[in-house]
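Asker: Structure below; questions to follow.
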Amino acid sequence: MNKFQLYLQNHPKVPKRVILGYIIFAGCFVFPFENELFPFDFTKAYLVIASYGIIGLGLAAIYGTHKEKFVYVASLFLTILGMICRYILEYGEVSNTMNFTLLNIISYLAAIPVFTVVAYYFSIKYLMIKN
């Protein structure tokens, strides 16, 4: 066993805090899917899928099976927190008027928790249980 694994065994809250903090980070910097200047393209789609796929995998590894409700609520709440951070970060800038439209907010908050739960479920069913 290496030092990193030993550290994680002795400090089990660290991975939880990292993955939950990453949801806030992604909610801040991946939002919105598109705006007037930057349309939704392959690069943005890849960023969304990779970021929230990693989050779903991490939640599956940390919390285990049958935690779909927790994953949904946690990803929804922490994504909202990340979006609030984004709003505060860009407060007073024109980009806030382009990013924080009703369509952008609703589509992001509807899609991201659902995709996170799908990634979590996929990770549990196809990656962890078979191994």
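Labels for the structure tokens follow display order: chains A, B, ..., residues from 1 in each chain, ligands from 1.
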Give me the residues near Gly27 of chain A as a list in words, where near means some atom within 8 Å (using only C-alpha atoms) and where sequence neighbours in that chain fewer than 3 positions away do not count.
Answerer: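 In the requested format, the answer is Ile23, Ile24, Val30, Phe31, Leu78, Thr79, Ile80, Leu81, Gly82, Met83 and Arg86 of chain A.
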Asker: Now that the selection is made, can you save its residues with N, CA and C atoms as an mmCIF file, in the first residue's frame?
Answerer:
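See selection34.cif below for the written result:
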```cif
data_model
loop_
_atom_site.group_PDB
_atom_site.id
_atom_site.type_symbol
_atom_site.label_atom_id
_atom_site.label_comp_id
_atom_site.auth_asym_id
_atom_site.auth_seq_id
_atom_site.Cartn_x
_atom_site.Cartn_y
_atom_site.Cartn_z
ATOM 1 N N ILE A 23 -18.235 19.437 -7.490
ATOM 2 C CA ILE A 23 -19.562 19.749 -8.020
ATOM 3 C C ILE A 23 -19.786 21.259 -7.991
ATOM 4 N N ILE A 24 -19.378 21.915 -6.909
ATOM 5 C CA ILE A 24 -19.491 23.373 -6.829
ATOM 6 C C ILE A 24 -18.629 24.021 -7.909
ATOM 7 N N VAL A 30 -18.622 25.423 -15.507
ATOM 8 C CA VAL A 30 -19.163 24.748 -16.684
ATOM 9 C C VAL A 30 -20.464 25.430 -17.138
ATOM 10 N N PHE A 31 -21.174 26.064 -16.203
ATOM 11 C CA PHE A 31 -22.391 26.803 -16.528
ATOM 12 C C PHE A 31 -22.064 28.003 -17.401
ATOM 13 N N LEU A 78 -25.527 21.569 -4.726
ATOM 14 C CA LEU A 78 -24.161 22.065 -4.917
ATOM 15 C C LEU A 78 -23.978 22.743 -6.272
ATOM 16 N N THR A 79 -24.745 22.326 -7.273
ATOM 17 C CA THR A 79 -24.710 23.017 -8.561
ATOM 18 C C THR A 79 -25.303 24.413 -8.417
ATOM 19 N N ILE A 80 -26.392 24.534 -7.673
ATOM 20 C CA ILE A 80 -26.964 25.859 -7.404
ATOM 21 C C ILE A 80 -25.952 26.729 -6.673
ATOM 22 N N LEU A 81 -25.257 26.150 -5.708
ATOM 23 C CA LEU A 81 -24.225 26.888 -4.982
ATOM 24 C C LEU A 81 -23.104 27.343 -5.923
ATOM 25 N N GLY A 82 -22.710 26.482 -6.838
ATOM 26 C CA GLY A 82 -21.692 26.854 -7.817
ATOM 27 C C GLY A 82 -22.164 27.960 -8.748
ATOM 28 N N MET A 83 -23.443 27.911 -9.133
ATOM 29 C CA MET A 83 -23.985 28.964 -9.992
ATOM 30 C C MET A 83 -24.056 30.301 -9.251
ATOM 31 N N ARG A 86 -20.684 31.685 -9.388
ATOM 32 C CA ARG A 86 -20.445 32.248 -10.718
ATOM 33 C C ARG A 86 -21.081 33.627 -10.835
#
```
Asker: Need the shell around Phe33 of chain A: protein/DNA/RNA residues with any atom at most 9 Å away, counting only C-alpha atoms. Skip same-chain ones fewer than 5 positions apart. Format as a count of residues only?
Answerer: 10
Asker: Considering only C-alpha atoms, return as a VMD selection string whatever protein or nucleic-acid residues lie within 12 Å of segment 51-59 of chain A, sequence-local ones (same chain, fewer than 3 positions apart) excluded.
Answerer: chain A and resid 15 to 27 29 to 31 44 to 48 62 to 72 74 to 75 78 to 79 111 to 128
Asker: To test your reading of the structure, identify every residue in segment 18-124 of chain A that backbone DSSP assigns to helix (DSSP H, G or I), and report it as a ChimeraX atom specification.
Answerer: /A:18-29,42-63,68-89,94-99,102-124
Asker: What does the structure give for the distance between atom CA of Ala110 of chain A and atom CA of Ser95 of chain A, in Å to one decimal?
Answerer: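 Computing it gives 21.6 Å between the two atoms.
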